[in-house]
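Report on one structure; see the data block that follows.
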Amino acid sequence: MPRAYLDWNASAPMRPEARAAMIAAMDQAGNPSAIHAEGRAARGIVERARAQVAHAMGADAADIVFTSGATEAAAMACAGRSLGCAPVEHEAVLAWCAPSLPVDRAGAVSVADPGATALQAANSETGIVQNLPDGLAVVDATQALGKIPFAFDWSGAGMAIVSGHKIGGPKGVGALVLRRGLDVEARIRGGGQEMGRRSGTENVAAIAGFGAAAEAAAADLDAGAAKNLSRLRDLFEEWVADRDGMTICVGKDAPRLPNTSLLVTPGWRGETQVMQMDLRGFSVSAGSACSSGKLRGSGTLAAMGFDEDAAGCALRISIGAATTEAELARFAEAWLAARDKHRARAA
């Protein structure tokens with residue numbers, strides 16, 4: 001039986017459009033900063049991708065600064081700015097911002113001063129979507145891009161953070177989106193690439209893949225992909241609904257990403273579930289996969305008021321365009337069997 005990949009929020013499989021764009025870009029010898037024909041051709045690849053990402057983001061091409069990923073973009077946006085955030089934010093934002101904002105049991109963040117706040121559009125673990133107040137300093141749109149309608153221009157934020165591999169592009173590329181009139185201090189200095197905001201020769205192939213993935217993701221969203229994902233997610237949650245009330249589907253009654261389910265089964269550690277499902281041929285996670293090798297309770301769930309045991313017993317299932325109903329049915333059957341065995345041993 002083939003493996004089923006159900007961890008799309010950690011990293012989406014590469015789209016064929018991205019792979020094709022990267023292969024074509026690898027054949028281009030020129031440095032995009034050079035003025036000869038080869039250099040101009042490489043520059044054209046970068047600028048086409050900039051326009052593709054801008055279109056998907058609802059921004060202008062001049063607003064897009066390519067980076068090595070969302071983590072670097074977060075550092076550019078947040079470092080040295082005394083911004084507040086909520087404890088549910090990704091660690092790339094928490095590294096620079098004070099986690100002082102309150103979070104309610106439904107995962108909603110209360111924002112008193114948008115201009116001094118960094119806020120995620122959607123949470124990578126729970127899938128819970130935030131109501132973005134106008135005038136935010138920074139919005140982390142990493143999980144929102146390509147999954148729900150989002151446009152930088154109407155978000156009202158000063159800056160936005162996005163990543164390539166969350167939408168089927170390559171790993172190691174992302175972008176900071178800047179509202180016109182704002183600027184950031186360059187954290188990597190040198191040749192003045194990316195309009196002086198991020199020096200270093202552009203990773204032309206990765207940027208090309210990011211652009212192609214952004215264009216494809218936007219087209220999928222326009223074509224109604226979210227509706228099918230929501231249907232599969234809801235069907236899966238019906239299959240695994242716990243009649244004895246012990247397993248909780250976090251955020252079930254809150255606005256959520258259409259592809260994300262977070263199950264909490266107190267007493268059954270999340271990392272144990274991940275390993276058991278891995279042995280059965282399923283790739284899932286115990287939460288955000290962006291901190292290498294971490295095995296600890298969810299800070300997001302703790303911020304939402306879950307106790308320490310529950311926060312350590314979460315399992316995230318995140319799906320995508322290639323996920324089938326049959327895969328989810330097989331996973332549900334395997335997960336329920338493993339849960340019953342766990343409860344029998346614990347009895």
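Letters A, B, ... go to the chains of the structure tokens in the order shown; residues in each chain start at 1; ligands are counted from 1 in the same order.
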
Just list the residues in range 123-300 of chain A DSSP gives helix (DSSP H, G or I) on the backbone, as a ChimeraX atom specification. /A:152-155,165-167,204-222,225-239,270-279,299-300

Store the residues picked out above, limited to N, CA and C atoms, as a short mmCIF file (atom, residue, chain, number, x, y, z; two decimals), in the first residue's frame.
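Written file, again.cif:
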```cif
data_model
loop_
_atom_site.label_atom_id
_atom_site.label_comp_id
_atom_site.auth_asym_id
_atom_site.auth_seq_id
_atom_site.Cartn_x
_atom_site.Cartn_y
_atom_site.Cartn_z
N PHE A 152 -2.95 41.31 0.00
CA PHE A 152 -2.17 42.24 0.81
C PHE A 152 -2.78 43.64 0.76
N ASP A 153 -3.24 44.07 -0.40
CA ASP A 153 -3.75 45.42 -0.53
C ASP A 153 -4.95 45.67 0.38
N TRP A 154 -5.85 44.65 0.53
CA TRP A 154 -6.99 44.89 1.40
C TRP A 154 -6.77 44.44 2.84
N SER A 155 -5.64 43.81 3.11
CA SER A 155 -5.37 43.38 4.49
C SER A 155 -5.14 44.57 5.42
N HIS A 165 7.55 26.94 -0.04
CA HIS A 165 7.28 25.51 0.04
C HIS A 165 5.93 25.17 0.66
N LYS A 166 5.25 26.15 1.22
CA LYS A 166 3.90 25.89 1.75
C LYS A 166 2.85 25.82 0.64
N ILE A 167 3.20 26.28 -0.55
CA ILE A 167 2.23 26.29 -1.66
C ILE A 167 2.69 25.41 -2.82
N VAL A 204 17.94 32.17 -8.51
CA VAL A 204 17.05 32.30 -9.66
C VAL A 204 16.13 31.09 -9.80
N ALA A 205 16.68 29.89 -9.68
CA ALA A 205 15.86 28.69 -9.87
C ALA A 205 14.77 28.59 -8.80
N ALA A 206 15.13 28.81 -7.53
CA ALA A 206 14.14 28.72 -6.46
C ALA A 206 13.07 29.80 -6.61
N ILE A 207 13.49 31.00 -6.98
CA ILE A 207 12.53 32.09 -7.17
C ILE A 207 11.58 31.77 -8.32
N ALA A 208 12.11 31.19 -9.39
CA ALA A 208 11.25 30.79 -10.51
C ALA A 208 10.22 29.77 -10.07
N GLY A 209 10.64 28.79 -9.26
CA GLY A 209 9.72 27.79 -8.76
C GLY A 209 8.66 28.39 -7.85
N PHE A 210 9.06 29.33 -7.02
CA PHE A 210 8.13 30.02 -6.12
C PHE A 210 7.08 30.75 -6.94
N GLY A 211 7.52 31.47 -7.96
CA GLY A 211 6.58 32.22 -8.79
C GLY A 211 5.58 31.32 -9.48
N ALA A 212 6.07 30.21 -10.04
CA ALA A 212 5.17 29.28 -10.73
C ALA A 212 4.18 28.65 -9.76
N ALA A 213 4.65 28.30 -8.56
CA ALA A 213 3.76 27.72 -7.55
C ALA A 213 2.71 28.72 -7.11
N ALA A 214 3.11 29.98 -6.93
CA ALA A 214 2.15 31.01 -6.52
C ALA A 214 1.07 31.20 -7.57
N GLU A 215 1.47 31.20 -8.84
CA GLU A 215 0.48 31.35 -9.92
C GLU A 215 -0.48 30.17 -9.94
N ALA A 216 0.04 28.96 -9.80
CA ALA A 216 -0.80 27.77 -9.82
C ALA A 216 -1.72 27.72 -8.60
N ALA A 217 -1.19 28.08 -7.42
CA ALA A 217 -2.00 28.07 -6.20
C ALA A 217 -3.15 29.06 -6.31
N ALA A 218 -2.88 30.24 -6.85
CA ALA A 218 -3.93 31.23 -7.02
C ALA A 218 -5.00 30.74 -7.98
N ALA A 219 -4.57 30.08 -9.06
CA ALA A 219 -5.53 29.54 -10.03
C ALA A 219 -6.40 28.46 -9.40
N ASP A 220 -5.79 27.60 -8.59
CA ASP A 220 -6.55 26.55 -7.90
C ASP A 220 -7.59 27.15 -6.97
N LEU A 221 -7.19 28.18 -6.24
CA LEU A 221 -8.12 28.82 -5.31
C LEU A 221 -9.29 29.44 -6.06
N ASP A 222 -8.98 30.10 -7.18
CA ASP A 222 -10.04 30.71 -7.99
C ASP A 222 -10.99 29.65 -8.55
N ALA A 225 -10.80 25.15 -5.26
CA ALA A 225 -10.13 24.03 -4.58
C ALA A 225 -10.46 23.98 -3.10
N ALA A 226 -10.64 25.13 -2.47
CA ALA A 226 -10.92 25.16 -1.03
C ALA A 226 -12.22 24.43 -0.69
N LYS A 227 -13.19 24.48 -1.58
CA LYS A 227 -14.47 23.83 -1.31
C LYS A 227 -14.30 22.31 -1.21
N ASN A 228 -13.50 21.74 -2.10
CA ASN A 228 -13.27 20.29 -2.04
C ASN A 228 -12.47 19.90 -0.81
N LEU A 229 -11.48 20.72 -0.46
CA LEU A 229 -10.69 20.43 0.74
C LEU A 229 -11.57 20.48 1.99
N SER A 230 -12.44 21.46 2.07
CA SER A 230 -13.35 21.55 3.21
C SER A 230 -14.24 20.31 3.30
N ARG A 231 -14.71 19.85 2.15
CA ARG A 231 -15.56 18.66 2.13
C ARG A 231 -14.81 17.44 2.67
N LEU A 232 -13.57 17.26 2.20
CA LEU A 232 -12.77 16.12 2.67
C LEU A 232 -12.46 16.24 4.15
N ARG A 233 -12.09 17.44 4.60
CA ARG A 233 -11.80 17.65 6.02
C ARG A 233 -13.00 17.32 6.89
N ASP A 234 -14.16 17.83 6.51
CA ASP A 234 -15.37 17.60 7.31
C ASP A 234 -15.75 16.12 7.31
N LEU A 235 -15.59 15.47 6.18
CA LEU A 235 -15.89 14.04 6.10
C LEU A 235 -14.96 13.25 7.01
N PHE A 236 -13.66 13.59 6.95
CA PHE A 236 -12.69 12.92 7.81
C PHE A 236 -13.04 13.11 9.28
N GLU A 237 -13.39 14.32 9.67
CA GLU A 237 -13.71 14.58 11.07
C GLU A 237 -14.96 13.83 11.52
N GLU A 238 -15.88 13.60 10.62
CA GLU A 238 -17.05 12.77 10.95
C GLU A 238 -16.63 11.34 11.22
N TRP A 239 -15.69 10.83 10.41
CA TRP A 239 -15.25 9.45 10.57
C TRP A 239 -14.54 9.23 11.91
N GLY A 270 1.14 13.11 21.33
CA GLY A 270 1.15 13.40 19.92
C GLY A 270 2.29 12.75 19.18
N GLU A 271 3.51 12.79 19.76
CA GLU A 271 4.65 12.19 19.07
C GLU A 271 4.50 10.67 18.95
N THR A 272 3.83 10.06 19.95
CA THR A 272 3.57 8.62 19.86
C THR A 272 2.63 8.33 18.70
N GLN A 273 1.60 9.14 18.56
CA GLN A 273 0.67 8.97 17.44
C GLN A 273 1.39 9.13 16.10
N VAL A 274 2.26 10.13 16.01
CA VAL A 274 2.99 10.36 14.76
C VAL A 274 3.81 9.13 14.39
N MET A 275 4.51 8.56 15.35
CA MET A 275 5.35 7.39 15.07
C MET A 275 4.50 6.17 14.71
N GLN A 276 3.40 5.99 15.43
CA GLN A 276 2.53 4.85 15.13
C GLN A 276 1.93 4.97 13.72
N MET A 277 1.52 6.16 13.36
CA MET A 277 0.95 6.36 12.03
C MET A 277 2.03 6.26 10.94
N ASP A 278 3.23 6.71 11.26
CA ASP A 278 4.33 6.59 10.30
C ASP A 278 4.60 5.12 9.96
N LEU A 279 4.60 4.28 10.98
CA LEU A 279 4.81 2.85 10.76
C LEU A 279 3.69 2.22 9.94
N GLY A 299 2.52 25.10 22.18
CA GLY A 299 2.34 26.41 22.79
C GLY A 299 1.05 27.06 22.35
N THR A 300 0.61 26.74 21.14
CA THR A 300 -0.65 27.27 20.65
C THR A 300 -1.81 26.78 21.51
#
```

Env of Ala62 in chain A: 9 Å cut, atoms = only C-alpha atoms, seq-sep filter 4 positions within chain, self excluded. Answer as a PDB file with N, CA, C and O atoms, in the first residue's frame.
```pdb
ATOM      1  N   ARG A  50       8.498  37.564  -9.609  1.00  0.00           N
ATOM      2  CA  ARG A  50       8.055  38.625  -8.691  1.00  0.00           C
ATOM      3  C   ARG A  50       6.613  39.038  -9.026  1.00  0.00           C
ATOM      4  O   ARG A  50       5.785  39.242  -8.127  1.00  0.00           O
ATOM      5  N   ALA A  51       6.334  39.141 -10.311  1.00  0.00           N
ATOM      6  CA  ALA A  51       4.973  39.500 -10.731  1.00  0.00           C
ATOM      7  C   ALA A  51       3.983  38.393 -10.386  1.00  0.00           C
ATOM      8  O   ALA A  51       2.839  38.669  -9.989  1.00  0.00           O
ATOM      9  N   ALA A  54       3.388  38.539  -6.634  1.00  0.00           N
ATOM     10  CA  ALA A  54       2.609  39.735  -6.340  1.00  0.00           C
ATOM     11  C   ALA A  54       1.136  39.538  -6.692  1.00  0.00           C
ATOM     12  O   ALA A  54       0.246  39.916  -5.922  1.00  0.00           O
ATOM     13  N   VAL A 177       6.606  41.187   1.894  1.00  0.00           N
ATOM     14  CA  VAL A 177       5.800  42.120   1.108  1.00  0.00           C
ATOM     15  C   VAL A 177       5.721  43.418   1.896  1.00  0.00           C
ATOM     16  O   VAL A 177       5.341  43.418   3.068  1.00  0.00           O
ATOM     17  N   LEU A 178       6.082  44.510   1.247  1.00  0.00           N
ATOM     18  CA  LEU A 178       6.160  45.815   1.902  1.00  0.00           C
ATOM     19  C   LEU A 178       5.157  46.787   1.309  1.00  0.00           C
ATOM     20  O   LEU A 178       5.076  46.929   0.082  1.00  0.00           O
ATOM     21  N   ARG A 180       3.970  50.265   0.083  1.00  0.00           N
ATOM     22  CA  ARG A 180       4.718  51.396  -0.460  1.00  0.00           C
ATOM     23  C   ARG A 180       4.832  52.522   0.554  1.00  0.00           C
ATOM     24  O   ARG A 180       3.882  52.857   1.242  1.00  0.00           O
ATOM     25  N   MET A 195      16.429  45.579  -4.468  1.00  0.00           N
ATOM     26  CA  MET A 195      16.159  47.000  -4.222  1.00  0.00           C
ATOM     27  C   MET A 195      16.874  47.497  -2.973  1.00  0.00           C
ATOM     28  O   MET A 195      16.378  48.369  -2.246  1.00  0.00           O
TER      29      MET A 195
END
```

One decimal, Å: what's the distance from CA of Arg256 in chain A over to CA of Leu119 in chain A, could you say?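 Distance reported for this atom pair: 15.5 Å.
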
Which of these residues is nearest to Thr260 in chain A, using only C-alpha atoms: A:Arg179, A:Arg316, A:Arg243, A:Arg19? A:Arg316

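Taking CA of Arg269 in chain A and CA of Ile248 in chain A as endpoints, the distance between them is 13.8 Å.
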
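Shortest atom-to-atom contact with Phe306 in chain A among A:Ala326, A:Val250, A:Val173, A:Ile161: A:Val250, counting only C-alpha atoms.
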
Using DSSP on the backbone coordinates, identify the residues of range 58-199 of chain A assigned to strand (DSSP E); present them as a ChimeraX atom specification. /A:64-67,84-85,98-99,118-120,138-140,159-163,174-178

Per residue of range 4-110 of chain A within 12 Å of range 121-144 of chain A, record the nearest atom pair and its distance in Å to one decimal, counting only C-alpha atoms, with rows in chain order and ascending residue number, as a Markdown table.
```
| residue | atom | partner | partner_atom | distance |
| --- | --- | --- | --- | --- |
| A:Asp7 | CA | A:Glu125 | CA | 10.6 |
| A:Trp8 | CA | A:Ser124 | CA | 10.0 |
| A:Asn9 | CA | A:Ser124 | CA | 6.3 |
| A:Ala10 | CA | A:Ser124 | CA | 8.0 |
| A:Ser11 | CA | A:Gln143 | CA | 10.3 |
| A:Ala12 | CA | A:Gln143 | CA | 10.9 |
| A:Ala56 | CA | A:Ala144 | CA | 11.1 |
| A:Met57 | CA | A:Ala141 | CA | 9.0 |
| A:Gly58 | CA | A:Ala141 | CA | 11.8 |
| A:Gly69 | CA | A:Thr142 | CA | 9.9 |
| A:Ala70 | CA | A:Thr142 | CA | 7.1 |
| A:Thr71 | CA | A:Thr142 | CA | 10.1 |
| A:Ala73 | CA | A:Asp140 | CA | 9.5 |
| A:Ala74 | CA | A:Asp140 | CA | 8.0 |
| A:Ala75 | CA | A:Val138 | CA | 11.1 |
| A:Met76 | CA | A:Val138 | CA | 10.6 |
| A:Ala77 | CA | A:Val138 | CA | 6.9 |
| A:Cys78 | CA | A:Val138 | CA | 7.6 |
| A:Ala79 | CA | A:Val138 | CA | 11.4 |
| A:Arg81 | CA | A:Ala137 | CA | 9.6 |
| A:Ser82 | CA | A:Ala137 | CA | 10.7 |
| A:Leu83 | CA | A:Ala137 | CA | 8.0 |
| A:Gly84 | CA | A:Ala137 | CA | 9.7 |
| A:Cys85 | CA | A:Val138 | CA | 9.8 |
| A:Ala86 | CA | A:Asn123 | CA | 11.2 |
| A:Pro87 | CA | A:Asn123 | CA | 11.1 |
| A:Val88 | CA | A:Asn123 | CA | 7.3 |
| A:Glu89 | CA | A:Asn123 | CA | 7.3 |
| A:His90 | CA | A:Ser124 | CA | 7.9 |
| A:Glu91 | CA | A:Ser124 | CA | 11.1 |
| A:Ala92 | CA | A:Asp140 | CA | 9.8 |
| A:Val93 | CA | A:Asp140 | CA | 8.3 |
| A:Leu94 | CA | A:Asp140 | CA | 11.5 |
| A:Trp96 | CA | A:Val138 | CA | 11.8 |
| A:Cys97 | CA | A:Val138 | CA | 10.8 |
| A:Val103 | CA | A:Gln130 | CA | 10.8 |
| A:Asp104 | CA | A:Gln130 | CA | 11.7 |
| A:Arg105 | CA | A:Ile128 | CA | 11.3 |
| A:Ala106 | CA | A:Ile128 | CA | 8.3 |
| A:Gly107 | CA | A:Ile128 | CA | 6.6 |
| A:Ala108 | CA | A:Gln130 | CA | 6.2 |
| A:Val109 | CA | A:Gln130 | CA | 7.1 |
| A:Ser110 | CA | A:Asn131 | CA | 9.5 |
```

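Minimum atom-to-atom distances from A:Ala338, A:Ala59, A:Ala311, A:Val46 to Ser33 in chain A were compared using only C-alpha atoms, and the lowest value belongs to A:Val46.
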
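Atom pair CA of Pro2 in chain A / CA of Gly320 in chain A: separated by 16.7 Å.
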
Can you list, as a ChimeraX atom specification, every protein, DNA or RNA residue that comes within 9 Å of Ala29 in chain A when you count only C-alpha atoms, leaving out same-chain residues fewer than 4 positions away? /A:25,38-39,41-42

Write out, as a JSON list (two decimals), in the first residue's frame, the residues just selected, with C-alpha atoms.
```
[["chain", "number", "residue", "atom", "x", "y", "z"],
["A", 25, "ALA", "CA", 15.86, 28.47, -14.88],
["A", 38, "GLU", "CA", 22.44, 36.29, -20.30],
["A", 39, "GLY", "CA", 22.16, 38.50, -17.26],
["A", 41, "ALA", "CA", 17.52, 36.78, -19.29],
["A", 42, "ALA", "CA", 18.15, 35.74, -15.67]]
```

From A:Ala332, A:Ile317, A:Met14, A:Val284, residue lying nearest Gly164 in chain A [only C-alpha atoms]: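 Looking only at the distances to Gly164 in chain A, the closest residue turns out to be A:Met14.
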